[in-house]
file protein.tsv (TSV, C-alpha atoms)
chain	number	residue	atom	x	y	z
A	22	MET	CA	111.46	172.05	-96.26
A	23	PRO	CA	109.99	175.33	-97.53
A	24	ARG	CA	110.56	176.08	-101.17
A	25	ARG	CA	112.81	179.03	-101.91
A	26	THR	CA	111.31	181.79	-103.98
A	27	ARG	CA	113.72	183.34	-106.45
A	28	MET	CA	113.76	187.10	-106.12
A	29	PRO	CA	113.52	189.07	-109.36
A	30	GLY	CA	116.72	190.75	-110.55
A	31	ARG	CA	117.28	194.23	-109.28
A	32	TYR	CA	116.90	197.01	-111.80
A	33	ASN	CA	120.17	198.86	-112.17
A	34	PRO	CA	119.89	201.67	-114.73
A	35	GLN	CA	123.62	202.39	-114.68
A	36	ALA	CA	124.48	198.72	-115.33
A	37	ASN	CA	122.00	198.65	-118.20
A	38	LYS	CA	123.47	201.85	-119.60
A	39	GLU	CA	126.97	200.35	-119.53
A	40	LYS	CA	125.71	197.13	-121.09
A	41	ASN	CA	123.94	198.87	-123.93
A	42	GLY	CA	126.72	201.38	-124.55
A	43	LEU	CA	126.94	205.08	-123.78
A	44	ARG	CA	125.63	207.81	-126.04
A	45	MET	CA	128.29	210.41	-126.70
A	46	LEU	CA	129.09	213.24	-129.04
A	47	LYS	CA	131.79	213.28	-131.67
A	48	ALA	CA	132.78	216.22	-133.83
A	49	PHE	CA	135.34	216.02	-136.61
A	50	ARG	CA	136.62	217.50	-139.85
A	51	PRO	CA	137.65	215.09	-142.63
A	52	VAL	CA	141.02	215.51	-144.33
A	53	ASP	CA	140.83	216.01	-148.10
A	54	GLN	CA	140.95	212.67	-149.89
A	55	GLU	CA	144.02	213.44	-152.02
A	56	SER	CA	146.13	214.18	-148.94
A	57	SER	CA	144.78	211.13	-147.12
A	58	LEU	CA	145.67	208.78	-149.97
A	59	THR	CA	149.15	210.29	-150.26
A	60	ILE	CA	149.78	209.92	-146.51
A	61	ALA	CA	148.59	206.31	-146.59
A	62	GLY	CA	150.86	205.62	-149.58
A	63	VAL	CA	153.88	207.12	-147.81
A	64	VAL	CA	153.35	204.93	-144.75
A	65	ARG	CA	152.77	201.82	-146.89
A	66	ASN	CA	155.93	202.40	-148.93
A	67	LEU	CA	158.04	202.77	-145.80
A	68	GLU	CA	156.62	199.54	-144.46
A	69	GLU	CA	157.30	197.68	-147.71
A	70	ASP	CA	160.89	198.98	-147.67
A	71	ASN	CA	161.25	197.73	-144.07
A	72	THR	CA	162.04	201.28	-142.99
A	73	ILE	CA	159.29	201.09	-140.38
A	74	PRO	CA	157.93	198.00	-138.57
A	75	ARG	CA	155.03	195.91	-139.84
A	76	THR	CA	151.63	197.56	-139.45
A	77	GLU	CA	148.26	196.15	-138.54
A	78	THR	CA	146.20	198.90	-140.20
A	79	ILE	CA	146.85	201.96	-142.37
A	80	PRO	CA	143.81	204.22	-142.76
A	81	HIS	CA	143.13	205.61	-146.23
A	82	SER	CA	140.97	208.41	-144.90
A	83	HIS	CA	141.70	210.61	-141.91
A	84	LEU	CA	139.51	212.51	-139.46
A	85	ALA	CA	140.65	215.41	-137.32
A	86	TYR	CA	138.58	214.88	-134.17
A	87	ILE	CA	137.55	218.19	-132.69
A	88	LEU	CA	135.69	216.14	-130.09
A	89	ASP	CA	136.81	212.51	-129.77
A	90	PRO	CA	134.15	210.39	-128.01
A	91	HIS	CA	136.73	207.94	-126.63
A	92	ILE	CA	138.75	210.72	-125.02
A	93	VAL	CA	135.57	212.25	-123.65
A	94	ARG	CA	134.59	209.00	-121.97
A	95	LYS	CA	138.06	208.46	-120.55
A	96	ASP	CA	138.60	211.93	-119.11
A	97	PHE	CA	135.14	213.24	-118.30
A	98	SER	CA	132.96	210.23	-117.43
A	99	GLN	CA	131.27	211.82	-114.40
A	100	GLY	CA	128.97	213.80	-116.63
A	101	PHE	CA	127.62	210.60	-118.16
A	102	LEU	CA	127.19	208.85	-114.83
A	103	SER	CA	124.82	211.60	-113.74
A	104	GLY	CA	122.59	211.05	-116.75
A	105	TYR	CA	123.84	213.91	-118.89
A	106	SER	CA	121.94	214.41	-122.14
A	107	PHE	CA	123.80	215.67	-125.19
A	108	SER	CA	120.75	216.80	-127.18
A	109	ARG	CA	120.83	220.48	-126.25
A	110	ALA	CA	124.63	220.69	-126.40
A	111	LYS	CA	124.63	219.05	-129.83
A	112	GLU	CA	122.14	221.56	-131.22
A	113	LYS	CA	124.07	224.46	-129.69
A	114	ILE	CA	127.32	223.24	-131.24
A	115	LYS	CA	125.70	222.78	-134.65
A	116	SER	CA	124.15	226.26	-134.52
A	117	GLN	CA	127.54	228.03	-134.41
A	118	ASP	CA	129.04	229.71	-137.46
A	119	TYR	CA	131.95	227.55	-138.65
A	120	GLU	CA	134.26	227.84	-141.63
A	121	ASP	CA	133.37	225.42	-144.45
A	122	GLU	CA	137.03	224.49	-144.82
A	123	ILE	CA	140.19	225.04	-142.78
A	124	LEU	CA	143.75	224.94	-144.11
A	125	SER	CA	146.16	223.23	-141.74
A	126	GLN	CA	149.57	221.58	-141.63
A	127	ILE	CA	150.82	218.18	-140.53
A	128	GLY	CA	152.53	218.84	-137.23
A	129	LYS	CA	154.53	216.67	-134.86
A	130	ILE	CA	154.57	212.90	-135.53
A	131	SER	CA	154.21	210.66	-132.46
A	132	ILE	CA	153.91	207.01	-131.51
A	133	ILE	CA	151.50	206.80	-128.61
A	134	GLY	CA	149.51	204.41	-126.44
A	135	LYS	CA	147.92	204.21	-123.01
A	136	ASN	CA	151.23	202.86	-121.68
A	137	LYS	CA	154.57	201.50	-122.94
A	138	SER	CA	153.05	198.11	-123.74
A	139	SER	CA	150.57	199.70	-126.13
A	140	ASN	CA	152.80	202.17	-127.99
A	141	ARG	CA	151.43	201.10	-131.37
A	142	LEU	CA	149.55	204.14	-132.70
A	143	LEU	CA	151.37	206.27	-135.26
A	144	CYS	CA	149.77	209.72	-135.19
A	145	ALA	CA	150.32	213.26	-136.41
A	146	TYR	CA	149.12	216.44	-134.75
A	147	VAL	CA	147.04	218.86	-136.81
A	148	GLN	CA	148.89	222.17	-136.81
A	149	SER	CA	146.25	224.88	-136.96
A	150	THR	CA	145.49	227.73	-134.56
A	151	GLU	CA	141.98	227.92	-136.00
A	152	VAL	CA	141.28	224.26	-135.25
A	153	VAL	CA	142.55	224.59	-131.68
A	154	LYS	CA	140.31	227.62	-131.08
A	155	GLU	CA	137.36	225.75	-132.55
A	156	ARG	CA	138.06	222.79	-130.29
A	157	GLN	CA	138.28	224.99	-127.21
A	158	ALA	CA	135.01	226.71	-128.13
A	159	ILE	CA	133.21	223.36	-128.41
A	160	TYR	CA	134.65	222.21	-125.10
A	161	GLY	CA	133.33	225.47	-123.64
A	162	ILE	CA	129.82	224.79	-124.96
A	163	LEU	CA	129.78	221.37	-123.28
A	164	GLY	CA	130.90	223.00	-120.04
A	165	GLU	CA	128.17	225.64	-120.29
A	166	GLU	CA	125.61	222.89	-120.74
A	167	GLY	CA	126.73	221.26	-117.49
A	168	LEU	CA	129.10	218.49	-118.55
A	169	SER	CA	131.66	217.88	-115.82
A	170	GLY	CA	135.26	218.34	-116.92
A	171	PHE	CA	134.81	220.84	-119.77
A	172	ARG	CA	135.51	224.01	-117.83
A	173	GLY	CA	138.31	226.34	-116.82
A	174	LYS	CA	141.81	224.97	-117.35
A	175	LYS	CA	140.47	221.90	-119.16
A	176	ILE	CA	139.34	224.13	-122.03
A	177	LYS	CA	142.79	225.72	-122.40
A	178	ARG	CA	144.37	222.25	-122.47
A	179	ALA	CA	142.28	221.26	-125.49
A	180	GLY	CA	145.17	221.39	-127.94
A	181	ALA	CA	145.65	220.19	-131.49
A	182	PRO	CA	143.76	217.03	-132.51
A	183	LEU	CA	145.55	213.91	-133.74
A	184	LEU	CA	145.34	212.13	-137.08
A	185	HIS	CA	145.66	208.35	-136.90
A	186	LEU	CA	148.24	207.34	-139.55
A	187	ALA	CA	148.76	203.65	-138.70
A	188	THR	CA	148.66	200.98	-136.03
A	189	PHE	CA	151.79	198.87	-135.70
A	190	ALA	CA	151.44	195.12	-135.28
A	191	GLU	CA	153.64	195.18	-132.17
A	192	PRO	CA	154.35	197.85	-129.53
A	193	ILE	CA	157.46	199.98	-130.10
A	194	TYR	CA	159.23	199.80	-126.74
A	195	ASP	CA	162.58	201.32	-127.65
A	196	ARG	CA	162.72	205.10	-127.56
A	197	GLU	CA	165.52	205.31	-130.12
A	198	GLN	CA	163.52	203.14	-132.54
A	199	ARG	CA	160.48	205.39	-132.10
A	200	GLU	CA	162.62	208.42	-132.91
A	201	GLU	CA	163.96	206.73	-136.05
A	202	ILE	CA	160.43	205.89	-137.21
A	203	VAL	CA	159.24	209.44	-136.62
A	204	ALA	CA	162.24	210.85	-138.52
A	205	ALA	CA	161.58	208.49	-141.46
A	206	ILE	CA	157.92	209.53	-141.63
A	207	ASP	CA	158.82	213.24	-141.41
A	208	THR	CA	161.38	212.94	-144.22
A	209	ALA	CA	159.06	210.94	-146.48
A	210	LEU	CA	156.21	213.43	-146.05
A	211	VAL	CA	158.54	216.29	-147.01
A	212	ILE	CA	159.81	214.40	-150.07
A	213	HIS	CA	156.25	213.71	-151.21
A	214	GLN	CA	155.28	217.32	-150.44
A	215	VAL	CA	152.59	216.36	-147.96
A	216	GLY	CA	152.36	219.27	-145.60
A	217	GLU	CA	149.27	221.34	-146.15
A	218	LEU	CA	145.93	219.70	-145.45
A	219	THR	CA	142.43	220.88	-146.23
A	220	LEU	CA	139.95	219.99	-143.50
A	221	GLY	CA	136.34	219.72	-144.66
A	222	SER	CA	133.18	220.97	-142.97
A	223	LEU	CA	132.64	220.23	-139.30
A	224	GLU	CA	130.38	217.24	-138.65
A	225	VAL	CA	128.68	216.64	-135.30
A	226	GLN	CA	127.14	213.25	-134.50
A	227	THR	CA	125.82	211.27	-131.54
A	228	VAL	CA	127.32	207.79	-131.32
A	229	ASN	CA	127.26	204.70	-129.10
A	230	ILE	CA	130.51	203.83	-127.34
A	231	ASP	CA	130.64	200.29	-125.98
call {"tool": "encode", "arguments": {"input": "protein.tsv", "output": "structure tokens"}}
result
Amino acid sequence: MPRRTRMPGRYNPQANKEKNGLRMLKAFRPVDQESSLTIAGVVRNLEEDNTIPRTETIPHSHLAYILDPHIVRKDFSQGFLSGYSFSRAKEKIKSQDYEDEILSQIGKISIIGKNKSSNRLLCAYVQSTEVVKERQAIYGILGEEGLSGFRGKKIKRAGAPLLHLATFAEPIYDREQREEIVAAIDTALVIHQVGELTLGSLEVQTVNID
């Protein structure tokens, strides 16, 4: 019986790319540390008082993502599949004239997730016209450099970024409960006079997303 010869594995660059993680851009402005610590303390106090459900994590520093790499991968993956390189886009973004700091407000509080079974993320929108315009401009640069999905109406839909305030241990299924949590957070932030935020200098980085 003839001996079978094992054929070498086929080279699949896309499979290797997925295995090793994708290179993507992220751009963000950090929230001033005093505000971040106060926000974290407000959320922690409400949890300890059993006003809100048990949390899994409460960040003590917050980033306003002008360009969130996870959202980019989810919504605009075709650009990566065609071998898009971020190098030129990154340099073009970094070369723009940005404000060193931006004053903003804490906007609408939301509990979000990919679907009802993952409604665990407590977030707040960053209320700032300047930040929205900056975000739209960066989306426009990526579109100009040929990245699929960052053109036309997509740019106008680039609204206010989110701040991650906490992750609940369990999903919040009930709409009325979500509304009560949001109201409690809103009230506590007002009482502790957490409204205005200072966003630091824009940072642009290339990262691996598994």
call {"tool": "residues_near_point", "arguments": {"input": "protein.tsv", "point": "(132.3, 221.1, -145.1)", "cutoff": "6 Å", "atoms": "all atoms listed in the file", "output": "JSON, numbers by chain"}}
result
{"A": [121, 122, 221, 222, 223]}
call {"tool": "closest_residue", "arguments": {"input": "protein.tsv", "among": "A:Val152, A:Ile212, A:Leu58, A:Leu143", "to": "Glu77 of chain A", "atoms": "only C-alpha atoms"}}
result
A:Leu143
call {"tool": "atom_distance", "arguments": {"input": "protein.tsv", "atom1": "atom CA of Ala85 of chain A", "atom2": "atom CA of Val52 of chain A"}}
result
7.0 Å
call {"tool": "atom_distance", "arguments": {"input": "protein.tsv", "atom1": "atom CA of Phe171 of chain A", "atom2": "atom CA of Ile123 of chain A"}}
result
24.0 Å
call {"tool": "residues_around", "arguments": {"input": "protein.tsv", "residues": "Cys144 of chain A", "least_positions_apart": "6", "cutoff": "8 Å", "atoms": "all atoms listed in the file", "output": "list in words"}}
result
Ile130, Ser131, Ile132, Ile133, Leu183, Leu184, His185, Leu186 and Ala187 of chain A
call {"tool": "closest_residue", "arguments": {"input": "protein.tsv", "among": "A:Leu84, A:Ile206, A:Val64, A:Ile159", "to": "Pro182 of chain A", "atoms": "all atoms listed in the file"}}
result
A:Leu84
call {"tool": "atom_distance", "arguments": {"input": "protein.tsv", "atom1": "atom CA of Pro80 of chain A", "atom2": "atom CA of Ala61 of chain A"}}
result
6.5 Å
call {"tool": "closest_residue", "arguments": {"input": "protein.tsv", "among": "A:Ile79, A:Val63, A:Ile162, A:Ala48", "to": "Gln214 of chain A", "atoms": "all atoms listed in the file"}}
result
A:Val63
call {"tool": "residues_around", "arguments": {"input": "protein.tsv", "residues": "Arg196 of chain A", "least_positions_apart": "3", "cutoff": "12 Å", "atoms": "all atoms listed in the file", "output": "MDAnalysis selection string"}}
result
chainID A and resid 131:133 137 140 192:193 199:203
